[in-house]
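This is work38.pdb (PDB, C-alpha atoms).
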ATOM      1  CA  MET L   1     -15.197  16.417  21.909
ATOM      2  CA  GLY L   2     -13.041  16.676  18.812
ATOM      3  CA  TYR L   3     -10.416  19.191  17.827
ATOM      4  CA  GLN L   4     -11.616  22.411  16.190
ATOM      5  CA  ILE L   5      -9.906  24.038  13.200
ATOM      6  CA  THR L   6      -9.468  27.813  13.100
ATOM      7  CA  ALA L   7      -9.964  30.087  10.098
ATOM      8  CA  THR L   8      -6.209  30.687   9.979
ATOM      9  CA  GLU L   9      -5.488  26.957   9.927
ATOM     10  CA  ARG L  10      -7.961  26.477   7.077
ATOM     11  CA  ALA L  11      -6.364  29.282   5.090
ATOM     12  CA  ASP L  12      -2.832  27.980   5.727
ATOM     13  CA  GLY L  13      -3.687  24.320   5.156
ATOM     14  CA  ALA L  14      -1.787  23.476   8.327
ATOM     15  CA  ILE L  15      -2.718  22.856  11.954
ATOM     16  CA  ALA L  16      -0.974  24.926  14.626
ATOM     17  CA  PRO L  17       2.045  23.029  16.042
ATOM     18  CA  GLU L  18       0.734  22.783  19.593
ATOM     19  CA  LYS L  19      -2.649  21.499  18.465
ATOM     20  CA  LEU L  20      -1.084  19.063  15.997
ATOM     21  CA  ALA L  21       1.158  17.717  18.750
ATOM     22  CA  ALA L  22      -1.911  17.107  20.943
ATOM     23  CA  ILE L  23      -3.742  15.323  18.106
ATOM     24  CA  VAL L  24      -0.731  13.114  17.411
ATOM     25  CA  ARG L  25      -0.334  12.370  21.122
ATOM     26  CA  ASP L  26      -3.967  11.233  21.378
ATOM     27  CA  ILE L  27      -3.601   8.955  18.357
ATOM     28  CA  GLU L  28      -0.382   7.474  19.715
ATOM     29  CA  THR L  29      -1.691   6.925  23.263
ATOM     30  CA  ILE L  30      -5.476   6.573  23.218
ATOM     31  CA  GLY L  31      -5.540   5.150  19.698
ATOM     32  CA  PHE L  32      -7.632   7.792  17.922
ATOM     33  CA  ALA L  33      -8.471  11.485  17.618
ATOM     34  CA  VAL L  34     -11.306  13.348  15.884
ATOM     35  CA  VAL L  35     -10.743  16.576  13.957
ATOM     36  CA  GLU L  36     -14.041  18.305  13.246
ATOM     37  CA  ASP L  37     -15.555  19.972  10.198
ATOM     38  CA  ILE L  38     -12.692  19.682   7.702
ATOM     39  CA  VAL L  39     -14.569  18.496   4.619
ATOM     40  CA  THR L  40     -17.333  20.359   2.798
ATOM     41  CA  VAL L  41     -21.079  19.903   2.932
ATOM     42  CA  GLU L  42     -21.125  19.670  -0.873
ATOM     43  CA  SER L  43     -18.658  16.785  -0.967
ATOM     44  CA  CYS L  44     -20.389  14.920   1.839
ATOM     45  CA  ASP L  45     -23.834  15.281   0.274
ATOM     46  CA  MET L  46     -22.571  14.168  -3.149
ATOM     47  CA  LEU L  47     -20.670  11.163  -1.836
ATOM     48  CA  MET L  48     -23.464  10.130   0.520
ATOM     49  CA  GLY L  49     -25.938  10.159  -2.354
ATOM     50  CA  SER L  50     -23.653   8.107  -4.575
ATOM     51  CA  VAL L  51     -22.970   5.562  -1.840
ATOM     52  CA  LEU L  52     -26.669   5.061  -1.111
ATOM     53  CA  GLU L  53     -27.311   4.532  -4.834
ATOM     54  CA  ASP L  54     -24.503   1.976  -4.984
ATOM     55  CA  VAL L  55     -25.786   0.178  -1.887
ATOM     56  CA  GLU L  56     -29.079  -0.331  -3.705
ATOM     57  CA  LYS L  57     -27.249  -1.804  -6.697
ATOM     58  CA  VAL L  58     -25.330  -4.190  -4.464
ATOM     59  CA  ARG L  59     -28.461  -5.194  -2.563
ATOM     60  CA  ALA L  60     -30.306  -5.818  -5.858
ATOM     61  CA  LEU L  61     -27.966  -8.772  -6.430
ATOM     62  CA  GLY L  62     -29.922 -10.584  -3.728
ATOM     63  CA  LYS L  63     -27.001 -12.118  -1.883
ATOM     64  CA  PRO L  64     -24.518 -11.075   0.789
ATOM     65  CA  THR L  65     -21.179  -9.680  -0.312
ATOM     66  CA  ARG L  66     -17.973 -11.586   0.341
ATOM     67  CA  HIS L  67     -17.088  -9.048   3.022
ATOM     68  CA  GLU L  68     -20.394  -9.682   4.793
ATOM     69  CA  GLU L  69     -19.799 -13.426   4.669
ATOM     70  CA  ASN L  70     -16.369 -12.945   6.219
ATOM     71  CA  THR L  71     -17.277 -10.341   8.840
ATOM     72  CA  GLY L  72     -20.959  -9.750   9.507
ATOM     73  CA  PRO L  73     -24.317  -9.077   7.804
ATOM     74  CA  GLY L  74     -24.961  -5.512   6.702
ATOM     75  CA  HIS L  75     -21.327  -4.365   6.846
ATOM     76  CA  LEU L  76     -20.121  -3.410   3.377
ATOM     77  CA  GLN L  77     -16.664  -2.516   2.104
ATOM     78  CA  LEU L  78     -18.045  -0.569  -0.835
ATOM     79  CA  GLY L  79     -15.720   1.002  -3.375
ATOM     80  CA  LEU L  80     -16.128   4.730  -4.007
ATOM     81  CA  ARG L  81     -16.649   6.127  -7.486
ATOM     82  CA  ARG L  82     -13.298   7.027  -9.011
ATOM     83  CA  HIS L  83     -14.408   9.455 -11.674
ATOM     84  CA  ALA L  84     -15.668  13.043 -11.826
ATOM     85  CA  PRO L  85     -17.452  14.642 -10.069
ATOM     86  CA  TYR L  86     -17.167  12.210  -7.151
ATOM     87  CA  VAL L  87     -13.418  12.481  -6.513
ATOM     88  CA  ARG L  88     -13.081  15.702  -4.529
ATOM     89  CA  PRO L  89      -9.966  17.601  -3.416
ATOM     90  CA  ASP L  90     -11.174  17.996   0.174
ATOM     91  CA  LEU L  91     -11.424  14.204   0.397
ATOM     92  CA  VAL L  92      -8.285  12.968  -1.414
ATOM     93  CA  ALA L  93      -5.971  16.001  -1.276
ATOM     94  CA  ASN L  94      -7.019  17.793   1.897
ATOM     95  CA  PRO L  95      -4.031  19.609   3.437
ATOM     96  CA  LEU L  96      -5.482  19.399   6.949
ATOM     97  CA  ILE L  97      -5.867  15.631   6.688
ATOM     98  CA  GLU L  98      -2.391  15.345   5.202
ATOM     99  CA  CYS L  99      -1.018  17.541   8.009
ATOM    100  CA  VAL L 100      -2.159  14.977  10.592
ATOM    101  CA  VAL L 101      -0.941  12.074   8.433
ATOM    102  CA  ALA L 102       2.542  13.586   8.184
ATOM    103  CA  GLY L 103       2.518  14.401  11.895
ATOM    104  CA  VAL L 104       1.895  10.753  12.766
ATOM    105  CA  LEU L 105       3.785   8.896  10.020
ATOM    106  CA  GLY L 106       6.529  11.358   9.063
ATOM    107  CA  ASP L 107       7.949  12.343   5.702
ATOM    108  CA  GLY L 108       7.010  10.314   2.640
ATOM    109  CA  ALA L 109       3.720   8.891   3.929
ATOM    110  CA  TRP L 110       1.544   7.576   1.111
ATOM    111  CA  LEU L 111      -2.119   6.866   0.449
ATOM    112  CA  GLY L 112      -2.618   3.114   0.134
ATOM    113  CA  PHE L 113      -6.367   2.543   0.436
ATOM    114  CA  TYR L 114      -9.426   4.612  -0.495
ATOM    115  CA  ASN L 115     -12.765   2.935  -0.001
ATOM    116  CA  GLY L 116     -16.245   3.219   1.437
ATOM    117  CA  ASN L 117     -17.360   1.677   4.704
ATOM    118  CA  VAL L 118     -21.115   1.194   5.037
ATOM    119  CA  ASN L 119     -23.173  -0.049   7.969
ATOM    120  CA  CYS L 120     -26.649  -0.898   6.692
ATOM    121  CA  VAL L 121     -29.847  -0.704   8.731
ATOM    122  CA  ASP L 122     -30.488  -3.836  10.816
ATOM    123  CA  SER L 123     -26.888  -5.037  10.441
ATOM    124  CA  GLY L 124     -25.296  -7.520  12.813
ATOM    125  CA  TYR L 125     -22.132  -7.707  14.871
ATOM    126  CA  GLN L 126     -18.675  -8.179  13.404
ATOM    127  CA  PRO L 127     -16.028 -10.209  15.233
ATOM    128  CA  LEU L 128     -13.760  -8.076  17.384
ATOM    129  CA  HIS L 129     -10.547  -7.564  15.422
ATOM    130  CA  PHE L 130      -7.650  -5.321  14.519
ATOM    131  CA  ASP L 131      -6.826  -4.237  10.964
ATOM    132  CA  ARG L 132      -3.044  -4.254  10.929
ATOM    133  CA  PRO L 133      -0.423  -6.437  12.626
ATOM    134  CA  TYR L 134       2.635  -4.974  14.278
ATOM    135  CA  SER L 135       5.400  -4.060  11.837
ATOM    136  CA  TRP L 136       7.959  -5.566  14.236
ATOM    137  CA  LYS L 137       7.329  -8.963  15.789
ATOM    138  CA  SER L 138       9.603  -8.841  18.839
ATOM    139  CA  PRO L 139      11.488  -6.377  21.017
ATOM    140  CA  GLU L 140      14.681  -7.598  19.370
ATOM    141  CA  ASP L 141      13.380  -6.875  15.860
ATOM    142  CA  ALA L 142      12.245  -3.431  16.930
ATOM    143  CA  ALA L 143      15.565  -2.659  18.601
ATOM    144  CA  ARG L 144      17.466  -3.550  15.422
ATOM    145  CA  ASP L 145      15.644  -0.674  13.714
ATOM    146  CA  GLY L 146      15.953   1.678  16.667
ATOM    147  CA  GLN L 147      12.267   1.361  17.596
ATOM    148  CA  SER L 148      10.679   1.201  21.018
ATOM    149  CA  TRP L 149       8.536  -1.668  22.309
ATOM    150  CA  PRO L 150       5.606  -1.739  21.857
ATOM    151  CA  PRO L 151       6.536  -0.265  18.483
ATOM    152  CA  PRO L 152       4.950   2.798  16.882
ATOM    153  CA  MET L 153       2.276   2.563  14.222
ATOM    154  CA  THR L 154       3.349   2.554  10.584
ATOM    155  CA  THR L 155      -0.185   2.867   9.200
ATOM    156  CA  LEU L 156      -2.929   5.412   9.926
ATOM    157  CA  SER L 157      -6.641   4.918   9.234
ATOM    158  CA  CYS L 158      -8.824   7.935   8.427
ATOM    159  CA  SER L 159     -12.599   7.642   8.727
ATOM    160  CA  ILE L 160     -14.351  10.554   7.000
ATOM    161  CA  ALA L 161     -17.969  10.960   8.113
ATOM    162  CA  PHE L 162     -20.562  12.219   5.603
ATOM    163  CA  ASP L 163     -23.364  12.416   8.185
ATOM    164  CA  GLU L 164     -23.084  12.364  11.955
ATOM    165  CA  ILE L 165     -22.053   8.897  13.136
ATOM    166  CA  THR L 166     -23.795   8.059  16.389
ATOM    167  CA  VAL L 167     -24.381   5.103  18.662
ATOM    168  CA  ALA L 168     -27.855   4.725  17.125
ATOM    169  CA  ASN L 169     -26.624   4.407  13.538
ATOM    170  CA  GLY L 170     -23.807   2.029  14.350
ATOM    171  CA  ALA L 171     -20.709   3.919  15.448
ATOM    172  CA  THR L 172     -17.823   1.448  15.567
ATOM    173  CA  GLU L 173     -17.106  -0.203  18.908
ATOM    174  CA  ILE L 174     -13.491   0.414  19.967
ATOM    175  CA  TYR L 175     -11.100  -0.609  22.754
ATOM    176  CA  PRO L 176      -8.872   2.434  23.325
ATOM    177  CA  GLY L 177      -5.310   1.509  24.268
ATOM    178  CA  SER L 178      -5.559  -2.052  22.970
ATOM    179  CA  GLN L 179      -3.025  -1.218  20.253
ATOM    180  CA  PHE L 180      -0.396  -1.715  22.958
ATOM    181  CA  GLU L 181      -1.322  -5.373  23.580
ATOM    182  CA  THR L 182       1.821  -7.214  22.456
ATOM    183  CA  GLU L 183       0.435 -10.710  23.030
ATOM    184  CA  VAL L 184      -1.338 -10.532  19.653
ATOM    185  CA  VAL L 185       1.919  -9.974  17.761
ATOM    186  CA  THR L 186       2.536 -13.657  17.040
ATOM    187  CA  TRP L 187      -1.081 -14.645  16.473
ATOM    188  CA  ALA L 188      -2.058 -16.158  13.129
ATOM    189  CA  THR L 189      -5.347 -14.238  13.237
ATOM    190  CA  THR L 190      -6.381 -10.606  13.647
ATOM    191  CA  ARG L 191      -9.531 -11.597  15.567
ATOM    192  CA  ILE L 192      -9.889 -11.416  19.335
ATOM    193  CA  LYS L 193     -11.910 -14.387  20.516
ATOM    194  CA  ASP L 194     -12.157 -16.613  23.584
ATOM    195  CA  ARG L 195      -9.993 -14.217  25.603
ATOM    196  CA  PRO L 196     -12.152 -12.659  28.316
ATOM    197  CA  ASP L 197      -8.968 -11.753  30.203
ATOM    198  CA  LEU L 198      -7.847  -9.442  27.394
ATOM    199  CA  LEU L 199     -11.299  -7.901  27.060
ATOM    200  CA  GLU L 200     -11.285  -7.163  30.777
ATOM    201  CA  LYS L 201      -7.766  -5.741  30.553
ATOM    202  CA  TRP L 202      -8.610  -3.249  27.775
ATOM    203  CA  GLY L 203     -12.323  -2.723  28.355
ATOM    204  CA  PRO L 204     -14.875  -1.509  28.729
ATOM    205  CA  PRO L 205     -15.269  -0.600  25.069
ATOM    206  CA  SER L 206     -16.229   2.816  23.783
ATOM    207  CA  ARG L 207     -17.848   3.975  20.537
ATOM    208  CA  MET L 208     -16.227   5.883  17.677
ATOM    209  CA  THR L 209     -18.780   8.667  17.230
ATOM    210  CA  ILE L 210     -17.868  11.256  14.592
ATOM    211  CA  PRO L 211     -19.609  14.542  13.783
ATOM    212  CA  ALA L 212     -20.640  15.125  10.175
ATOM    213  CA  ARG L 213     -17.862  16.403   7.885
ATOM    214  CA  SER L 214     -15.228  15.334  10.391
ATOM    215  CA  VAL L 215     -12.387  12.825  10.392
ATOM    216  CA  CYS L 216     -11.436  10.201  12.949
ATOM    217  CA  PHE L 217      -7.738   9.340  12.735
ATOM    218  CA  ARG L 218      -7.171   5.861  14.164
ATOM    219  CA  ASP L 219      -4.347   3.457  14.886
ATOM    220  CA  PRO L 220      -5.564   0.407  12.928
ATOM    221  CA  ARG L 221      -4.035  -1.916  15.515
ATOM    222  CA  MET L 222      -6.652  -0.763  18.031
ATOM    223  CA  TRP L 223      -9.321  -3.451  18.498
ATOM    224  CA  HIS L 224     -12.739  -2.655  17.077
ATOM    225  CA  ARG L 225     -15.834  -4.124  15.480
ATOM    226  CA  GLY L 226     -18.896  -3.106  13.525
ATOM    227  CA  VAL L 227     -22.139  -3.187  15.500
ATOM    228  CA  PRO L 228     -25.840  -3.035  14.557
ATOM    229  CA  ASN L 229     -27.216   0.085  12.909
ATOM    230  CA  THR L 230     -30.582   0.736  14.534
ATOM    231  CA  GLY L 231     -31.128   3.992  12.636
ATOM    232  CA  ILE L 232     -33.315   4.693   9.629
ATOM    233  CA  ARG L 233     -30.718   4.667   6.832
ATOM    234  CA  ALA L 234     -27.298   3.313   6.051
ATOM    235  CA  ARG L 235     -24.343   4.899   7.819
ATOM    236  CA  ALA L 236     -21.541   5.609   5.358
ATOM    237  CA  MET L 237     -18.019   6.942   5.643
ATOM    238  CA  ILE L 238     -14.787   6.979   3.693
ATOM    239  CA  ALA L 239     -12.084   4.604   4.853
ATOM    240  CA  ALA L 240      -8.709   5.975   3.747
ATOM    241  CA  THR L 241      -5.447   4.389   4.842
ATOM    242  CA  TYR L 242      -1.981   5.938   4.778
ATOM    243  CA  HIS L 243       1.348   4.174   5.259
ATOM    244  CA  ALA L 244       4.729   5.379   6.476
ATOM    245  CA  GLY L 245       7.385   5.973   3.846
ATOM    246  CA  LYS L 246       9.415   3.036   5.190
ATOM    247  CA  CYS L 247       6.588   0.619   4.268
ATOM    248  CA  LYS L 248       7.561  -0.564   0.795
ATOM    249  CA  ASN L 249       5.108  -3.427   0.191
ATOM    250  CA  TRP L 250       2.073  -2.379  -1.879
ATOM    251  CA  ARG L 251      -0.225  -3.431   0.973
ATOM    252  CA  GLY L 252       1.658  -1.101   3.320
ATOM    253  CA  ARG L 253       3.666  -3.777   5.091
ATOM    254  CA  TYR L 254       7.079  -3.001   6.478
ATOM    255  CA  ILE L 255       9.870  -5.225   5.162
ATOM    256  CA  GLN L 256      12.819  -5.571   7.488
ATOM    257  CA  ASP L 257      16.221  -6.218   5.871
ATOM    258  CA  LEU L 258      15.028  -5.211   2.407
ATOM    259  CA  ASP L 259      17.596  -6.000  -0.294
ATOM    260  CA  PRO L 260      19.732  -2.848  -0.796
ATOM    261  CA  ALA L 261      19.404  -3.013  -4.587
ATOM    262  CA  LEU L 262      15.608  -3.145  -4.365
ATOM    263  CA  SER L 263      15.621  -0.379  -1.774
ATOM    264  CA  ALA L 264      17.643   1.863  -4.097
ATOM    265  CA  ARG L 265      15.188   1.301  -6.960
ATOM    266  CA  LEU L 266      12.250   2.057  -4.695
ATOM    267  CA  ASP L 267      13.855   5.263  -3.491
ATOM    268  CA  ALA L 268      14.497   6.335  -7.074
ATOM    269  CA  ASP L 269      10.966   5.628  -8.330
ATOM    270  CA  PRO L 270       8.067   6.415  -5.948
ATOM    271  CA  THR L 271       5.567   4.605  -8.200
ATOM    272  CA  LEU L 272       7.145   1.257  -7.336
ATOM    273  CA  ARG L 273       6.213  -1.063  -4.498
ATOM    274  CA  VAL L 274       7.209  -4.582  -3.553
ATOM    275  CA  MET L 275       4.621  -7.038  -4.837
ATOM    276  CA  ASP L 276       3.537 -10.167  -2.955
ATOM    277  CA  ASP L 277       5.971 -12.285  -5.002
ATOM    278  CA  GLY L 278       8.924 -10.096  -4.003
ATOM    279  CA  GLN L 279       9.233  -8.381  -7.367
ATOM    280  CA  LEU L 280       8.774  -4.671  -7.961
ATOM    281  CA  GLY L 281       5.704  -3.280  -9.699
ATOM    282  CA  ASP L 282       3.476  -0.239 -10.012
ATOM    283  CA  GLY L 283       1.773   0.100  -6.630
ATOM    284  CA  ARG L 284      -0.410   3.115  -7.329
ATOM    285  CA  MET L 285      -4.188   3.284  -6.984
ATOM    286  CA  VAL L 286      -6.242   3.752 -10.140
ATOM    287  CA  PHE L 287      -8.586   6.645 -10.921
ATOM    288  CA  GLN L 288     -10.258   7.845 -14.112
ATOM    289  CA  SER L 289      -8.243  10.474 -15.990
ATOM    290  CA  ASP L 290     -11.031  13.070 -15.704
ATOM    291  CA  VAL L 291     -10.041  13.649 -12.052
ATOM    292  CA  ARG L 292      -6.362  14.252 -12.725
ATOM    293  CA  GLU L 293      -6.552  17.932 -11.779
ATOM    294  CA  VAL L 294      -7.954  17.036  -8.349
ATOM    295  CA  PHE L 295      -4.538  15.628  -7.463
ATOM    296  CA  ASP L 296      -2.443  18.280  -9.252
ATOM    297  CA  ALA L 297      -1.743  20.606  -6.342
ATOM    298  CA  PRO L 298       1.381  19.380  -4.518
ATOM    299  CA  SER L 299       0.961  18.206  -0.952
ATOM    300  CA  LEU L 300       1.964  20.898   1.534
ATOM    301  CA  HIS L 301       3.086  18.159   3.907
ATOM    302  CA  GLY L 302       5.013  15.799   1.641
ATOM    303  CA  VAL L 303       2.301  13.130   1.391
ATOM    304  CA  ASN L 304       2.456  10.917  -1.699
ATOM    305  CA  ARG L 305      -1.093  10.529  -3.040
ATOM    306  CA  ASN L 306       0.066   7.463  -4.960
ATOM    307  CA  VAL L 307      -2.335   7.483  -7.927
ATOM    308  CA  ARG L 308      -2.301   6.774 -11.634
ATOM    309  CA  PHE L 309      -4.959   7.477 -14.224
ATOM    310  CA  VAL L 310      -6.913   5.352 -16.675
ATOM    311  CA  GLU L 311      -7.903   6.717 -20.080
ATOM    312  CA  ASP L 312     -11.008   5.870 -22.108
ATOM    313  CA  PRO L 313     -12.036   3.334 -23.331
ATOM    314  CA  GLU L 314     -10.785   1.747 -20.119
ATOM    315  CA  ARG L 315     -12.882   2.511 -17.062
ATOM    316  CA  VAL L 316     -12.394   2.090 -13.329
ATOM    317  CA  ASN L 317     -15.025  -0.222 -11.857
ATOM    318  CA  HIS L 318     -15.083   0.815  -8.208
ATOM    319  CA  PHE L 319     -17.404  -2.036  -7.212
ATOM    320  CA  LEU L 320     -14.768  -4.730  -7.706
ATOM    321  CA  ASP L 321     -11.319  -5.516  -6.279
ATOM    322  CA  SER L 322     -11.157  -2.767  -3.659
ATOM    323  CA  HIS L 323      -8.601  -4.798  -1.683
ATOM    324  CA  GLN L 324      -6.532  -5.716  -4.739
ATOM    325  CA  LEU L 325      -3.658  -3.902  -6.425
ATOM    326  CA  GLY L 326      -4.917  -0.540  -7.685
ATOM    327  CA  GLY L 327      -7.943  -0.584  -5.384
ATOM    328  CA  ALA L 328     -10.468  -1.188  -8.191
ATOM    329  CA  ARG L 329     -10.827  -3.181 -11.410
ATOM    330  CA  ILE L 330     -10.048  -1.725 -14.832
ATOM    331  CA  VAL L 331     -12.703  -2.748 -17.359
ATOM    332  CA  ARG L 332     -13.843  -1.899 -20.884
ATOM    333  CA  GLY L 333     -17.545  -2.336 -20.289
ATOM    334  CA  ALA L 334     -20.200  -1.169 -17.866
ATOM    335  CA  ILE L 335     -19.403  -0.255 -14.271
ATOM    336  CA  SER L 336     -21.360  -2.810 -12.280
ATOM    337  CA  PRO L 337     -21.230  -4.790  -9.040
ATOM    338  CA  VAL L 338     -21.623  -7.986 -11.059
ATOM    339  CA  ASP L 339     -18.316  -9.850 -11.167
ATOM    340  CA  ALA L 340     -18.494 -11.136 -14.719
TER     341      ALA L 340
END

Please go through the file and, once you have read it, give me the structure as structure tokens.
Amino acid sequence: MGYQITATERADGAIAPEKLAAIVRDIETIGFAVVEDIVTVESCDMLMGSVLEDVEKVRALGKPTRHEENTGPGHLQLGLRRHAPYVRPDLVANPLIECVVAGVLGDGAWLGFYNGNVNCVDSGYQPLHFDRPYSWKSPEDAARDGQSWPPPMTTLSCSIAFDEITVANGATEIYPGSQFETEVVTWATTRIKDRPDLLEKWGPPSRMTIPARSVCFRDPRMWHRGVPNTGIRARAMIAATYHAGKCKNWRGRYIQDLDPALSARLDADPTLRVMDDGQLGDGRMVFQSDVREVFDAPSLHGVNRNVRFVEDPERVNHFLDSHQLGGARIVRGAISPVDA
């Protein structure tokens, strides 16, 4: 059973303090919480239709995607259209979503990833894995920053369901509580394999079922995997990721002992992030300029939506580079899944 939103909370764009505290507590202890019916039917129907169309375009290429090759057949990380009318305020600027984000991550949280997650019919199993490593690698590192051990999350994943996500159509398998397993901190991989002792410790697994138009907020350190979709059509959802304000790398990584001069520049200019080479650069996600007004209303909860806009003749090709800087590729030709 998920959390219900009242008419007053919808009107105020904020969740009552006691309820918000319970949601945050579930995320921090169990590893996830579901808040029901907080996006519109219209947005879900429009996005679901666009995703199914794009799945057909990807499948027409006749070969598995790179993500499928790396994880499992039928599991697509599929970019979402970044132009009107497909970028909707209840999806990218929803005050109720941002209320939970701020409750978990604190002031200055920022949107770092906006993508589609699709589980196609007759898909396979993914390896069991976690999405994010710990921000601190030892009790000593955590203590230097005044953090507990195991340390708190610095990233929050938000899964927005268009249709009901059920066991039959491939609801994600999860291991609640596994985000507290500190043995994985020093691993060179994010995959859990050949460790039946750890599976026994944190099992049995559950399933991340989500009602239509609802959001599952998840600690991305919690172990999970995609499983077969035995339904009759692809299961699609939005995968949005937010990072704590202290995470200054463009990928949302926390950098301990950041150079004070760089830190001052980052504080002065919220568009900047630390790039992989250690230099500073524009770390915002790219969207077409015709959706600018969707982001115009200021966040009621201090969340940085972290976007910039591309003007014609440049276009945002959502099919390509979803895990790269900007979250999509800027092109001057057709929007296509073909990587020319």

Close residues, region 181-188 of chain L itself excluded, 9 Å, all atoms listed in the file, min 3 positions apart in chain, as a PyMOL selection string:
chain L and resi 133-134+136-138+149-150+177-178+192+198+202+222

Around the point (-18.4, -3.7, 14.3) in the file's coordinates, collect all residues with an atom within 9 Å, using all atoms listed in the file, and return them as a list in words.
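Residues satisfying the cut-off, written out: Thr71, Gly72, His75, Asn119, Gly124, Tyr125, Gln126, Pro127, Leu128, His129, Gly170, Ala171, Thr172, Glu173, Ile174, His224, Arg225, Gly226, Val227 and Pro228 of chain L.
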
Would you kindly return, as a PyMOL selection string, each protein, DNA or RNA residue with an atom no farther than 9 Å from any atom of region 159-161 of chain L, considering all atoms listed in the file and excluding same-chain residues fewer than 6 positions away?
chain L and resi 39+44+91+117+210-218+235-241

Could you list, as an mmCIF file with C-alpha atoms, in the coordinates of the input, every residue within 8 Å of region 246-258 of chain L, counting all atoms listed in the file and ignoring same-chain residues fewer than 3 positions away?
data_model
loop_
_atom_site.group_PDB
_atom_site.id
_atom_site.type_symbol
_atom_site.label_atom_id
_atom_site.label_comp_id
_atom_site.auth_asym_id
_atom_site.auth_seq_id
_atom_site.Cartn_x
_atom_site.Cartn_y
_atom_site.Cartn_z
ATOM 1 C CA GLY L 112 -2.618 3.114 0.134
ATOM 2 C CA SER L 135 5.400 -4.060 11.837
ATOM 3 C CA THR L 154 3.349 2.554 10.584
ATOM 4 C CA THR L 155 -0.185 2.867 9.200
ATOM 5 C CA HIS L 243 1.348 4.174 5.259
ATOM 6 C CA LEU L 262 15.608 -3.145 -4.365
ATOM 7 C CA SER L 263 15.621 -0.379 -1.774
ATOM 8 C CA LEU L 266 12.250 2.057 -4.695
ATOM 9 C CA ARG L 273 6.213 -1.063 -4.498
ATOM 10 C CA VAL L 274 7.209 -4.582 -3.553
ATOM 11 C CA MET L 275 4.621 -7.038 -4.837
ATOM 12 C CA ASP L 276 3.537 -10.167 -2.955
ATOM 13 C CA GLY L 283 1.773 0.100 -6.630
ATOM 14 C CA LEU L 325 -3.658 -3.902 -6.425
#

Counting all atoms listed in the file, which residue out of L:Asp277, L:Glu9, L:Asp290, L:Asp145 sits closest to Val316 (chain L)?
L:Asp290

Mind giving me the straight-line distance from CA of Tyr3 (chain L) to CA of Arg305 (chain L) in Å, one decimal?
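Going from CA of Tyr3 (chain L) over to CA of Arg305 (chain L), I get 24.4 Å.
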